[in-house]
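Next comes model-v4.cif, a file with mmCIF, C-alpha atoms and all ligand atoms.
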data_my_file
#
loop_
_atom_site.label_atom_id
_atom_site.label_comp_id
_atom_site.auth_asym_id
_atom_site.auth_seq_id
_atom_site.Cartn_x
_atom_site.Cartn_y
_atom_site.Cartn_z
CA MET A 1 33.63 118.35 131.51
CA ALA A 2 31.23 120.30 129.34
CA ILE A 3 29.26 118.58 126.59
CA VAL A 4 29.19 120.62 123.39
CA VAL A 5 27.10 119.76 120.34
CA GLN A 6 28.15 121.49 117.13
CA LYS A 7 26.29 121.36 113.85
CA TYR A 8 27.94 122.32 110.55
CA GLY A 9 25.66 123.14 107.60
CA GLY A 10 26.16 122.34 103.92
CA THR A 11 28.17 125.45 103.00
CA SER A 12 30.44 125.00 106.04
CA VAL A 13 31.46 121.53 104.80
CA GLY A 14 31.06 122.50 101.12
CA ASP A 15 34.41 121.16 99.89
CA VAL A 16 37.47 119.32 101.17
CA ASP A 17 39.24 122.50 102.30
CA ARG A 18 36.23 123.69 104.25
CA MET A 19 35.87 120.25 105.79
CA LYS A 20 39.49 120.49 106.95
CA ARG A 21 38.77 123.88 108.52
CA VAL A 22 35.79 122.38 110.33
CA ALA A 23 38.10 119.60 111.56
CA ASP A 24 40.47 122.25 112.95
CA ARG A 25 37.66 123.92 114.84
CA VAL A 26 36.34 120.63 116.19
CA ALA A 27 39.86 119.59 117.23
CA ARG A 28 40.21 122.88 119.12
CA THR A 29 36.92 122.27 120.96
CA HIS A 30 38.01 118.73 121.84
CA ARG A 31 41.45 119.82 123.03
CA ALA A 32 39.87 122.50 125.22
CA GLY A 33 38.54 119.58 127.25
CA ASN A 34 34.95 119.35 126.01
CA GLN A 35 33.05 116.19 125.22
CA THR A 36 32.26 117.04 121.62
CA VAL A 37 29.44 115.79 119.40
CA VAL A 38 29.40 117.04 115.81
CA VAL A 39 26.37 116.84 113.54
CA VAL A 40 27.11 117.30 109.85
CA SER A 41 25.00 118.18 106.82
CA ALA A 42 25.64 116.93 103.31
CA MET A 43 28.40 118.80 101.47
CA GLY A 44 27.26 121.91 99.57
CA THR A 45 24.36 121.21 97.26
CA THR A 46 24.62 117.41 97.50
CA THR A 47 21.05 116.96 98.77
CA ASP A 48 19.64 119.05 95.88
CA GLU A 49 21.70 117.02 93.42
CA LEU A 50 20.43 113.74 94.85
CA VAL A 51 16.81 114.97 94.69
CA SER A 52 17.33 116.00 91.09
CA MET A 53 18.97 112.70 90.17
CA ALA A 54 16.00 110.81 91.65
CA SER A 55 13.54 112.92 89.70
CA ARG A 56 15.44 112.29 86.49
CA ILE A 57 15.34 108.56 87.01
CA SER A 58 11.72 108.30 88.10
CA GLU A 59 8.64 110.53 87.89
CA ARG A 60 7.51 109.49 91.35
CA PRO A 61 10.42 108.01 93.28
CA PRO A 62 9.15 105.81 96.13
CA GLU A 63 9.49 107.81 99.36
CA ARG A 64 11.30 104.96 101.13
CA GLU A 65 14.00 104.79 98.46
CA LEU A 66 14.29 108.57 98.22
CA ASP A 67 15.03 108.73 101.95
CA ILE A 68 17.74 106.09 101.70
CA LEU A 69 19.28 108.01 98.83
CA LEU A 70 19.18 111.40 100.59
CA THR A 71 20.77 110.12 103.81
CA SER A 72 23.86 109.17 101.83
CA GLY A 73 24.88 112.86 101.55
CA GLU A 74 25.31 113.22 105.31
CA ARG A 75 27.14 109.88 105.49
CA ILE A 76 29.78 111.16 103.08
CA SER A 77 30.34 114.18 105.34
CA MET A 78 30.49 112.23 108.58
CA SER A 79 33.11 109.77 107.40
CA LEU A 80 35.28 112.44 105.74
CA LEU A 81 35.23 114.55 108.89
CA ALA A 82 36.20 111.53 111.00
CA MET A 83 39.16 110.94 108.65
CA ALA A 84 40.24 114.58 108.91
CA LEU A 85 40.12 114.39 112.70
CA HIS A 86 42.18 111.19 112.76
CA ASP A 87 44.78 113.08 110.71
CA ARG A 88 44.85 115.67 113.49
CA ASP A 89 45.40 112.96 116.12
CA VAL A 90 41.89 113.40 117.47
CA PRO A 91 40.07 110.11 118.08
CA ALA A 92 36.73 110.31 116.28
CA LYS A 93 33.90 107.94 115.43
CA SER A 94 31.08 108.60 113.01
CA PHE A 95 27.55 107.22 113.32
CA THR A 96 24.52 107.27 111.05
CA GLY A 97 21.32 108.65 112.55
CA SER A 98 20.07 105.14 113.13
CA GLN A 99 23.30 104.08 114.87
CA ALA A 100 23.13 107.22 117.02
CA GLY A 101 19.67 106.18 118.23
CA ILE A 102 17.59 108.81 116.44
CA ILE A 103 14.19 107.10 116.45
CA THR A 104 11.42 108.61 114.34
CA ASP A 105 7.88 108.00 113.18
CA ALA A 106 7.41 106.37 109.78
CA VAL A 107 6.60 109.49 107.70
CA HIS A 108 9.19 109.58 104.91
CA GLY A 109 10.59 112.96 103.91
CA LYS A 110 9.49 114.75 107.08
CA ALA A 111 9.75 112.24 109.91
CA ARG A 112 9.45 113.46 113.50
CA ILE A 113 11.90 112.33 116.15
CA VAL A 114 9.94 110.35 118.75
CA ASP A 115 12.81 109.12 120.91
CA ILE A 116 16.59 109.25 121.22
CA THR A 117 18.60 106.36 122.59
CA PRO A 118 22.13 107.75 122.46
CA GLY A 119 23.81 104.77 124.18
CA ARG A 120 26.50 104.32 121.52
CA VAL A 121 27.12 108.07 121.31
CA GLN A 122 27.58 108.33 125.09
CA GLU A 123 29.84 105.28 125.15
CA ALA A 124 32.06 106.65 122.37
CA LEU A 125 32.23 110.02 124.14
CA ASP A 126 33.16 108.37 127.42
CA ASP A 127 35.96 106.57 125.57
CA GLY A 128 37.39 109.97 124.66
CA ASN A 129 36.19 110.21 121.06
CA VAL A 130 34.72 113.11 119.18
CA VAL A 131 31.39 111.70 118.03
CA ILE A 132 30.19 112.63 114.56
CA VAL A 133 26.54 112.05 113.71
CA ALA A 134 25.01 112.23 110.24
CA GLY A 135 22.33 114.90 110.36
CA PHE A 136 18.79 114.90 108.97
CA GLN A 137 18.08 111.18 109.42
CA GLY A 138 16.75 108.52 111.73
CA VAL A 139 15.08 105.15 111.73
CA SER A 140 11.38 104.43 112.11
CA GLN A 141 10.50 102.46 115.20
CA ASP A 142 7.55 100.84 113.41
CA THR A 143 8.85 100.01 109.93
CA LYS A 144 12.59 99.92 110.79
CA ASP A 145 13.13 101.91 107.60
CA ILE A 146 15.52 104.83 107.26
CA THR A 147 13.75 108.21 107.38
CA THR A 148 14.71 111.84 106.78
CA LEU A 149 13.62 114.78 108.93
CA GLY A 150 12.75 117.28 106.18
CA ARG A 151 14.97 119.88 104.53
CA GLY A 152 17.20 121.62 107.05
CA GLY A 153 16.73 118.65 109.38
CA SER A 154 20.35 118.51 110.59
CA ASP A 155 19.52 121.43 112.90
CA THR A 156 16.92 119.21 114.54
CA THR A 157 19.32 116.27 114.85
CA ALA A 158 21.74 118.58 116.66
CA VAL A 159 19.29 120.20 119.07
CA ALA A 160 17.56 116.88 119.80
CA LEU A 161 20.91 115.23 120.58
CA ALA A 162 21.88 118.22 122.73
CA ALA A 163 18.62 117.81 124.66
CA SER A 164 19.07 114.11 125.17
CA LEU A 165 22.76 114.38 126.19
CA LYS A 166 21.94 117.40 128.40
CA ALA A 167 24.63 119.34 126.53
CA ASP A 168 25.80 122.68 127.86
CA VAL A 169 25.34 124.31 124.47
CA CYS A 170 24.22 123.50 120.93
CA GLU A 171 26.21 125.53 118.41
CA ILE A 172 24.69 125.83 114.93
CA TYR A 173 27.48 126.79 112.52
CA THR A 174 26.25 128.25 109.27
CA ASP A 175 27.16 130.70 106.49
CA VAL A 176 25.82 133.84 108.22
CA ASP A 177 26.84 135.40 111.53
CA GLY A 178 23.57 134.63 113.30
CA VAL A 179 19.86 135.33 113.09
CA TYR A 180 19.14 138.65 111.39
CA THR A 181 16.07 140.90 111.30
CA ALA A 182 15.53 139.59 107.74
CA ASP A 183 17.38 137.31 105.34
CA PRO A 184 20.61 139.29 104.81
CA ARG A 185 20.65 138.10 101.20
CA ILE A 186 17.48 140.10 100.53
CA VAL A 187 17.97 142.96 102.99
CA PRO A 188 21.69 143.78 103.09
CA THR A 189 21.15 146.27 105.94
CA ALA A 190 19.45 143.72 108.19
CA HIS A 191 20.69 143.67 111.78
CA LYS A 192 22.05 140.67 113.63
CA LEU A 193 20.04 139.89 116.75
CA ASP A 194 22.18 139.16 119.83
CA ARG A 195 19.33 137.24 121.41
CA VAL A 196 15.97 135.99 120.27
CA SER A 197 13.32 134.12 122.25
CA TYR A 198 12.28 130.56 121.41
CA GLU A 199 8.75 131.84 120.65
CA GLU A 200 9.91 134.46 118.16
CA MET A 201 12.46 132.11 116.58
CA LEU A 202 9.72 129.47 116.23
CA GLU A 203 7.57 131.91 114.28
CA LEU A 204 10.49 133.18 112.17
CA ALA A 205 11.55 129.61 111.33
CA ALA A 206 8.00 128.45 110.65
CA GLN A 207 7.56 131.41 108.30
CA GLY A 208 10.61 130.65 106.20
CA ALA A 209 13.74 132.01 107.96
CA LYS A 210 15.59 128.83 107.10
CA VAL A 211 18.59 129.57 109.32
CA LEU A 212 17.04 127.09 111.80
CA GLN A 213 14.58 124.30 111.03
CA VAL A 214 11.39 124.91 112.97
CA ARG A 215 11.46 121.55 114.74
CA SER A 216 14.92 122.26 116.11
CA VAL A 217 13.51 125.35 117.82
CA GLU A 218 10.61 123.31 119.23
CA PHE A 219 13.10 120.85 120.72
CA GLY A 220 15.15 123.71 122.09
CA ARG A 221 12.15 125.30 123.74
CA ASN A 222 10.71 122.05 125.11
CA HIS A 223 14.01 120.97 126.64
CA GLY A 224 15.60 124.34 127.41
CA VAL A 225 18.58 123.81 125.07
CA ARG A 226 20.83 126.87 124.77
CA ILE A 227 21.21 127.36 120.99
CA HIS A 228 23.99 129.54 119.61
CA VAL A 229 23.64 130.29 115.87
CA ARG A 230 26.98 131.49 114.50
CA SER A 231 29.26 131.54 111.48
CA SER A 232 31.70 128.74 110.74
CA PHE A 233 33.82 131.30 108.87
CA SER A 234 34.55 133.57 111.86
CA PHE A 235 34.88 133.45 115.63
CA ASN A 236 32.29 136.22 116.19
CA ASP A 237 29.57 135.74 118.73
CA GLY A 238 26.34 134.90 116.95
CA THR A 239 22.71 134.85 118.12
CA TRP A 240 21.57 133.10 121.30
CA VAL A 241 18.12 131.51 121.15
CA GLY A 242 16.61 131.10 124.59
CA PRO A 243 13.71 131.84 126.92
CA GLN A 244 11.91 135.19 126.77
CA GLU A 245 13.17 136.17 130.23
CA ASP A 246 16.76 136.23 128.87
CA ILE A 247 15.89 138.96 126.37
CA VAL A 248 17.04 142.31 127.64
CA GLU A 249 16.14 144.65 124.79
CA ASP A 250 12.46 145.34 124.52
CA ALA A 251 11.99 145.38 120.74
CA ILE A 252 8.41 145.25 119.48
CA ILE A 253 9.42 143.51 116.27
CA SER A 254 12.18 140.95 115.95
CA GLY A 255 12.17 140.40 112.22
CA VAL A 256 10.64 139.75 108.82
CA ALA A 257 10.60 136.26 107.32
CA HIS A 258 9.67 135.18 103.84
CA ASP A 259 8.83 131.86 102.26
CA THR A 260 8.74 131.12 98.55
CA SER A 261 8.31 127.38 98.93
CA GLU A 262 4.53 127.31 99.19
CA ALA A 263 1.67 127.26 96.68
CA LYS A 264 -1.93 128.41 97.02
CA LEU A 265 -4.64 125.86 96.33
CA THR A 266 -8.26 126.96 95.88
CA ILE A 267 -11.21 124.57 96.04
CA GLN A 268 -13.81 126.33 93.91
CA GLN A 269 -17.53 126.62 94.51
CA VAL A 270 -17.74 124.39 97.55
CA PRO A 271 -21.32 123.82 98.84
CA ASP A 272 -21.58 125.94 102.01
CA ARG A 273 -22.98 123.45 104.52
CA PRO A 274 -21.79 121.96 107.81
CA GLY A 275 -19.26 119.15 107.56
CA VAL A 276 -17.81 119.97 104.13
CA ALA A 277 -14.64 121.73 105.35
CA SER A 278 -14.15 118.96 107.86
CA ARG A 279 -14.31 116.31 105.11
CA LEU A 280 -11.84 118.16 102.91
CA PHE A 281 -9.26 118.91 105.59
CA SER A 282 -9.55 115.50 107.28
CA ALA A 283 -8.73 113.87 103.96
CA LEU A 284 -5.65 116.10 103.57
CA ALA A 285 -4.56 115.37 107.16
CA GLU A 286 -4.87 111.63 106.61
CA ASP A 287 -2.35 111.95 103.80
CA ASN A 288 -0.02 113.99 106.04
CA ILE A 289 -0.32 117.11 103.90
CA ASN A 290 0.70 120.18 105.91
CA ILE A 291 -1.78 122.99 105.51
CA ASP A 292 -0.80 126.53 106.39
CA MET A 293 -3.04 129.61 105.89
CA ILE A 294 -6.72 128.91 105.25
CA VAL A 295 -9.19 131.47 103.90
CA GLN A 296 -12.88 130.89 103.19
CA ASN A 297 -14.54 133.47 100.99
CA VAL A 298 -17.94 135.04 101.63
CA SER A 299 -20.59 132.62 100.50
CA ALA A 300 -22.83 133.46 97.52
CA ASP A 301 -25.80 131.33 96.41
CA GLY A 302 -24.89 128.64 98.95
CA ARG A 303 -21.38 128.18 97.57
CA THR A 304 -17.95 129.45 98.53
CA ASP A 305 -14.28 129.19 97.55
CA ILE A 306 -11.82 127.80 100.13
CA SER A 307 -8.12 128.61 99.66
CA PHE A 308 -5.13 127.41 101.61
CA THR A 309 -1.37 127.36 101.25
CA LEU A 310 0.78 124.23 101.36
CA PRO A 311 4.33 123.18 100.44
CA ARG A 312 4.68 123.40 96.66
CA GLY A 313 6.01 119.86 96.51
CA GLU A 314 2.72 118.55 97.92
CA THR A 315 0.28 120.09 95.44
CA ASP A 316 0.03 116.95 93.27
CA LYS A 317 -0.67 114.85 96.33
CA ALA A 318 -3.31 117.35 97.51
CA ARG A 319 -4.96 117.41 94.08
CA ALA A 320 -5.12 113.63 94.05
CA VAL A 321 -6.87 113.69 97.44
CA LEU A 322 -9.23 116.59 96.69
CA GLU A 323 -10.37 116.01 93.11
CA PRO A 324 -12.42 112.85 93.85
CA LEU A 325 -13.88 114.60 96.91
CA CYS A 326 -14.91 117.60 94.79
CA SER A 327 -17.07 115.42 92.57
CA GLU A 328 -18.53 113.67 95.60
CA LEU A 329 -19.34 116.93 97.43
CA GLY A 330 -20.45 118.83 94.32
CA ALA A 331 -17.60 121.38 94.33
CA GLU A 332 -16.40 122.77 90.98
CA GLY A 333 -12.73 121.78 91.15
CA VAL A 334 -9.23 122.63 92.31
CA ARG A 335 -6.99 125.48 91.12
CA VAL A 336 -3.32 125.80 92.05
CA ASP A 337 -1.29 129.02 92.02
CA GLU A 338 2.44 128.37 92.40
CA GLU A 339 3.50 131.99 91.91
CA ILE A 340 3.00 133.11 95.49
CA ALA A 341 5.20 134.02 98.46
CA LYS A 342 4.49 134.58 102.12
CA VAL A 343 5.90 137.53 104.05
CA SER A 344 5.63 137.57 107.84
CA LEU A 345 6.37 140.12 110.52
CA VAL A 346 7.26 138.61 113.90
CA GLY A 347 7.62 140.20 117.32
CA ALA A 348 6.60 139.41 120.89
CA GLY A 349 5.82 143.09 121.51
CA MET A 350 2.90 142.93 119.06
CA LYS A 351 0.76 141.48 121.83
CA THR A 352 0.67 144.85 123.56
CA HIS A 353 1.17 147.28 120.66
CA PRO A 354 -1.86 147.96 118.49
CA GLY A 355 -1.52 149.12 114.89
CA VAL A 356 1.26 146.75 113.78
CA ALA A 357 -0.85 145.09 111.07
CA ALA A 358 -2.10 148.48 109.83
CA LYS A 359 1.47 149.78 109.53
CA MET A 360 2.57 146.63 107.69
CA PHE A 361 -0.33 146.80 105.22
CA GLY A 362 0.38 150.53 104.71
CA ALA A 363 4.02 149.79 103.86
CA LEU A 364 2.98 147.11 101.36
CA SER A 365 0.45 149.37 99.74
CA ALA A 366 2.97 152.21 99.42
CA ALA A 367 5.33 149.75 97.71
CA GLY A 368 2.56 148.71 95.28
CA VAL A 369 2.28 145.17 96.66
CA ASN A 370 -1.16 143.54 96.58
CA ILE A 371 -2.14 141.33 99.54
CA GLU A 372 -3.83 138.04 98.56
CA MET A 373 -4.29 136.39 101.97
CA ILE A 374 -3.74 137.39 105.60
CA SER A 375 -3.25 135.38 108.76
CA THR A 376 -2.13 136.32 112.26
CA SER A 377 -1.05 134.87 115.59
CA THR A 378 -0.48 136.83 118.79
CA ILE A 379 3.11 137.56 117.75
CA ARG A 380 2.91 137.41 113.93
CA VAL A 381 1.20 138.95 110.90
CA SER A 382 1.59 137.06 107.60
CA VAL A 383 0.48 137.96 104.11
CA VAL A 384 0.54 136.12 100.80
CA VAL A 385 1.76 138.20 97.87
CA ALA A 386 2.79 137.55 94.26
CA LYS A 387 6.12 135.75 94.17
CA ASP A 388 7.78 138.30 91.92
CA GLN A 389 7.11 140.99 94.55
CA VAL A 390 8.57 139.17 97.53
CA GLU A 391 11.82 141.13 97.74
CA THR A 392 10.03 144.47 97.42
CA ALA A 393 7.59 143.39 100.13
CA VAL A 394 10.27 142.22 102.59
CA GLN A 395 12.36 145.36 102.08
CA ALA A 396 9.34 147.67 102.46
CA VAL A 397 8.14 146.04 105.70
CA HIS A 398 11.67 145.86 107.13
CA ALA A 399 12.18 149.56 106.43
CA ALA A 400 8.77 150.64 107.74
CA PHE A 401 9.50 149.13 111.16
CA GLY A 402 12.96 150.66 111.39
CA LEU A 403 14.67 147.29 111.60
CA GLY A 404 17.73 148.26 109.57
CA ASP A 405 19.76 151.28 108.57
CA ASP A 406 17.72 151.62 105.38
CA ALA A 407 14.67 152.64 107.43
CA GLN A 408 16.55 155.59 108.83
CA LEU A 409 17.61 156.67 105.36
CA LEU A 410 14.07 156.38 104.03
CA GLU A 411 12.66 158.43 106.89
CA ASP A 412 15.35 161.07 106.45
CA ALA A 413 14.68 161.39 102.73
P1 LIG A 501 23.04 125.64 106.55
O1 LIG A 501 23.40 124.98 105.27
O2 LIG A 501 24.22 126.09 107.34
O3 LIG A 501 22.05 124.86 107.35
P2 LIG A 501 20.89 127.31 105.57
O4 LIG A 501 21.03 127.71 104.15
O5 LIG A 501 19.94 126.23 105.90
O6 LIG A 501 22.36 127.02 106.15
O7 LIG A 501 20.50 128.58 106.47
C1 LIG A 501 21.29 129.75 106.43
C2 LIG A 501 20.66 130.75 105.47
O8 LIG A 501 19.42 131.17 106.00
C3 LIG A 501 21.43 132.03 105.29
O9 LIG A 501 22.41 131.89 104.30
C4 LIG A 501 20.35 133.04 104.94
O10 LIG A 501 20.32 133.33 103.56
C5 LIG A 501 19.06 132.34 105.32
N1 LIG A 501 18.22 133.18 106.20
C6 LIG A 501 16.89 133.40 105.99
N2 LIG A 501 16.40 134.20 106.94
C7 LIG A 501 17.43 134.49 107.77
C8 LIG A 501 17.55 135.32 108.95
N3 LIG A 501 16.50 135.96 109.45
N4 LIG A 501 18.75 135.40 109.55
C9 LIG A 501 19.82 134.74 109.04
N5 LIG A 501 19.77 133.97 107.93
C10 LIG A 501 18.59 133.85 107.30
N1 LIG A 502 21.18 118.08 103.78
C1 LIG A 502 19.83 118.35 104.19
C2 LIG A 502 19.27 119.53 103.40
O1 LIG A 502 19.93 120.02 102.52
C3 LIG A 502 19.70 118.58 105.67
C4 LIG A 502 20.43 119.78 106.23
O2 LIG A 502 21.35 120.30 105.57
O3 LIG A 502 20.07 120.22 107.32
O4 LIG A 502 18.15 119.91 103.61
MG MG A 503 19.99 124.63 107.21
#

Translate this file's structure into structure tokens.
Ligand code: ADP
Ligand code: ASP
Ligand code: MG
Amino acid sequence: MAIVVQKYGGTSVGDVDRMKRVADRVARTHRAGNQTVVVVSAMGTTTDELVSMASRISERPPERELDILLTSGERISMSLLAMALHDRDVPAKSFTGSQAGIITDAVHGKARIVDITPGRVQEALDDGNVVIVAGFQGVSQDTKDITTLGRGGSDTTAVALAASLKADVCEIYTDVDGVYTADPRIVPTAHKLDRVSYEEMLELAAQGAKVLQVRSVEFGRNHGVRIHVRSSFSFNDGTWVGPQEDIVEDAIISGVAHDTSEAKLTIQQVPDRPGVASRLFSALAEDNINIDMIVQNVSADGRTDISFTLPRGETDKARAVLEPLCSELGAEGVRVDEEIAKVSLVGAGMKTHPGVAAKMFGALSAAGVNIEMISTSTIRVSVVVAKDQVETAVQAVHAAFGLGDDAQLLEDA
């Protein structure tokens, strides 16, 4: 008997009718003789609504309480889906993340899964049930409090469960047909990739292609989970995420990702002496603030500006950490720019093909887009640009590398 893990995202369970259609699909998988585990997201925009409700009731909602609130969205979905399956004569049992044995660290809002003890899930499967697990949540082994895994975290619940149950496949059902060469909402001519390697998918996800949460791809890579990203609205084959050796086409570039969820923070006029950067970034790390790109300017008169990007939601926390340190170290202060976006080009073939960065910068310049920061890895080039130019930037880079039909048209013109 094959073990299949399926995850349905917010749009796929967006209303009662869609939930019923998901139940039909799950019932079909169950009747085909598979042991079926289903991970569900909150319905539609429920999580956003809960976040907004919390912010209307309190300026700084305690992280512990916010997590308890947010997990309720997924619990609504799991119980409704179980009811719909019972109606279809399919035995089904729903479990919260904690009941399903999703054990995390104690970091609220972006907890990491540290262990999975799926005893109850396995037992319910062995009894012939479809098992439904609320996505995006777990329980801290230290504090015993309920935690959430960060936005998009149901993907990670699904892949982590698939790894621990040694599932044959983890299907991620979403509102697009698979992973595209760019967000199809911004580049309508983007191409669907039949296959993408874990490494490339990790970079695309880390750089904002929210079709998979980055930690789900890490789990997939570390445990060799076969991930199939596909649409819940069709039966088309989607995109398989797997090891590099499975990739047959030899594309240099796999796609363009963009991220508008970050801000740029600049620490101004920092004394340029050993130990200062270490003090600043250690303090941020202690408060679990995720830093992304870092740029230090050329020093003048023994002082320099240090800029970095971070999730926009963490700028207040970062300010609170850095402002006292600025006075202590003799830096001038902290400036935050929220009107930025990051655009990244990803492709394993970059390792062996020179000139990729030059071509990307050329395309941005031709489109009149100014580059504010640059960072690279062996398979990625990322730039920070003004937020109001993000669509222009993505489209220009996508076209320059011939990733969609638009590139052909541009070249022909
Ligand atoms: P779900 O609610 O199913 O988890 P998400 O909204 O989290 O769905 O992720 C799917 C969305 O990801 C798509 O609707 C699409 O707009 C966006 N997306 C961004 N980059 C990509 C990409 N490269 N390929 C496919 N979708 C992408
Ligand atoms: N409901 C959560 C979110 O909106 C988790 C998820 O959908 O993956 O981020
Ligand atoms: Mg998602």

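As for CA of Asp127 (chain A) and CA of Arg88 (chain A), they are spaced 17.5 Å apart.
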
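Of the listed residues A:Val37, A:Leu70, A:Val276, A:Cys326, the one whose atoms come nearest to Arg151 (chain A) is A:Leu70, with distances taken using only C-alpha atoms.
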
List all protein, DNA and RNA residues that have at least one atom no more than 8 Å from any atom of ligand LIG 502 (chain A), counting all atoms listed in the file, and write them as a PyMOL selection string. chain A and resi 9-10+40-43+45-48+70-71+73-74+135-136+149-156+213

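Picture a line from atom N1 of ligand LIG 501 (chain A) to CA of Gly355 (chain A); it runs 26.8 Å.
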
Mind listing the residues within 10 Å of ligand LIG 501 (chain A), all atoms listed in the file counted, as a VMD selection string? chain A and resid 7 to 14 40 to 45 151 to 155 172 to 187 190 to 193 201 204 to 205 207 to 213 229 to 232 239 254 to 259

How would the residues just picked look written out with C-alpha atoms as a PDB file, keeping the file's coordinate frame?
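Output below, filename part-v7.pdb:
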ATOM      1  CA  LYS A   7      26.290 121.360 113.850  1.00  0.00           C
ATOM      2  CA  TYR A   8      27.940 122.320 110.550  1.00  0.00           C
ATOM      3  CA  GLY A   9      25.660 123.140 107.600  1.00  0.00           C
ATOM      4  CA  GLY A  10      26.160 122.340 103.920  1.00  0.00           C
ATOM      5  CA  THR A  11      28.170 125.450 103.000  1.00  0.00           C
ATOM      6  CA  SER A  12      30.440 125.000 106.040  1.00  0.00           C
ATOM      7  CA  VAL A  13      31.460 121.530 104.800  1.00  0.00           C
ATOM      8  CA  GLY A  14      31.060 122.500 101.120  1.00  0.00           C
ATOM      9  CA  VAL A  40      27.110 117.300 109.850  1.00  0.00           C
ATOM     10  CA  SER A  41      25.000 118.180 106.820  1.00  0.00           C
ATOM     11  CA  ALA A  42      25.640 116.930 103.310  1.00  0.00           C
ATOM     12  CA  MET A  43      28.400 118.800 101.470  1.00  0.00           C
ATOM     13  CA  GLY A  44      27.260 121.910  99.570  1.00  0.00           C
ATOM     14  CA  THR A  45      24.360 121.210  97.260  1.00  0.00           C
ATOM     15  CA  ARG A 151      14.970 119.880 104.530  1.00  0.00           C
ATOM     16  CA  GLY A 152      17.200 121.620 107.050  1.00  0.00           C
ATOM     17  CA  GLY A 153      16.730 118.650 109.380  1.00  0.00           C
ATOM     18  CA  SER A 154      20.350 118.510 110.590  1.00  0.00           C
ATOM     19  CA  ASP A 155      19.520 121.430 112.900  1.00  0.00           C
ATOM     20  CA  ILE A 172      24.690 125.830 114.930  1.00  0.00           C
ATOM     21  CA  TYR A 173      27.480 126.790 112.520  1.00  0.00           C
ATOM     22  CA  THR A 174      26.250 128.250 109.270  1.00  0.00           C
ATOM     23  CA  ASP A 175      27.160 130.700 106.490  1.00  0.00           C
ATOM     24  CA  VAL A 176      25.820 133.840 108.220  1.00  0.00           C
ATOM     25  CA  ASP A 177      26.840 135.400 111.530  1.00  0.00           C
ATOM     26  CA  GLY A 178      23.570 134.630 113.300  1.00  0.00           C
ATOM     27  CA  VAL A 179      19.860 135.330 113.090  1.00  0.00           C
ATOM     28  CA  TYR A 180      19.140 138.650 111.390  1.00  0.00           C
ATOM     29  CA  THR A 181      16.070 140.900 111.300  1.00  0.00           C
ATOM     30  CA  ALA A 182      15.530 139.590 107.740  1.00  0.00           C
ATOM     31  CA  ASP A 183      17.380 137.310 105.340  1.00  0.00           C
ATOM     32  CA  PRO A 184      20.610 139.290 104.810  1.00  0.00           C
ATOM     33  CA  ARG A 185      20.650 138.100 101.200  1.00  0.00           C
ATOM     34  CA  ILE A 186      17.480 140.100 100.530  1.00  0.00           C
ATOM     35  CA  VAL A 187      17.970 142.960 102.990  1.00  0.00           C
ATOM     36  CA  ALA A 190      19.450 143.720 108.190  1.00  0.00           C
ATOM     37  CA  HIS A 191      20.690 143.670 111.780  1.00  0.00           C
ATOM     38  CA  LYS A 192      22.050 140.670 113.630  1.00  0.00           C
ATOM     39  CA  LEU A 193      20.040 139.890 116.750  1.00  0.00           C
ATOM     40  CA  MET A 201      12.460 132.110 116.580  1.00  0.00           C
ATOM     41  CA  LEU A 204      10.490 133.180 112.170  1.00  0.00           C
ATOM     42  CA  ALA A 205      11.550 129.610 111.330  1.00  0.00           C
ATOM     43  CA  GLN A 207       7.560 131.410 108.300  1.00  0.00           C
ATOM     44  CA  GLY A 208      10.610 130.650 106.200  1.00  0.00           C
ATOM     45  CA  ALA A 209      13.740 132.010 107.960  1.00  0.00           C
ATOM     46  CA  LYS A 210      15.590 128.830 107.100  1.00  0.00           C
ATOM     47  CA  VAL A 211      18.590 129.570 109.320  1.00  0.00           C
ATOM     48  CA  LEU A 212      17.040 127.090 111.800  1.00  0.00           C
ATOM     49  CA  GLN A 213      14.580 124.300 111.030  1.00  0.00           C
ATOM     50  CA  VAL A 229      23.640 130.290 115.870  1.00  0.00           C
ATOM     51  CA  ARG A 230      26.980 131.490 114.500  1.00  0.00           C
ATOM     52  CA  SER A 231      29.260 131.540 111.480  1.00  0.00           C
ATOM     53  CA  SER A 232      31.700 128.740 110.740  1.00  0.00           C
ATOM     54  CA  THR A 239      22.710 134.850 118.120  1.00  0.00           C
ATOM     55  CA  SER A 254      12.180 140.950 115.950  1.00  0.00           C
ATOM     56  CA  GLY A 255      12.170 140.400 112.220  1.00  0.00           C
ATOM     57  CA  VAL A 256      10.640 139.750 108.820  1.00  0.00           C
ATOM     58  CA  ALA A 257      10.600 136.260 107.320  1.00  0.00           C
ATOM     59  CA  HIS A 258       9.670 135.180 103.840  1.00  0.00           C
ATOM     60  CA  ASP A 259       8.830 131.860 102.260  1.00  0.00           C
TER      61      ASP A 259
END

Expressed in Å to a single decimal, how great is the separation between CA of Gly242 (chain A) and CA of Gly349 (chain A)? 16.4 Å

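When all atoms listed in the file are used to compute distances to ligand MG 503 (chain A), the closest of the residues A:Leu284, A:Ile103, A:Thr157, A:Ser52 turns out to be A:Thr157.
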
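Distances here use only C-alpha atoms and all ligand atoms; by that measure, the residue among A:Ser216, A:Ser164, A:Ser77, A:Gln122 closest to ligand MG 503 (chain A) is A:Ser216.
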
Shell of 6 Å around Arg303 (chain A), only C-alpha atoms, local chain residues under 3 positions omitted, as an MDAnalysis selection string: chainID A and resid 269:272 299:300

List the residues sitting within 8 Å of (23.8, 127.8, 120.9) in the file's frame, using only C-alpha atoms, as a PyMOL selection string. chain A and resi 169-172+225-229+239-241
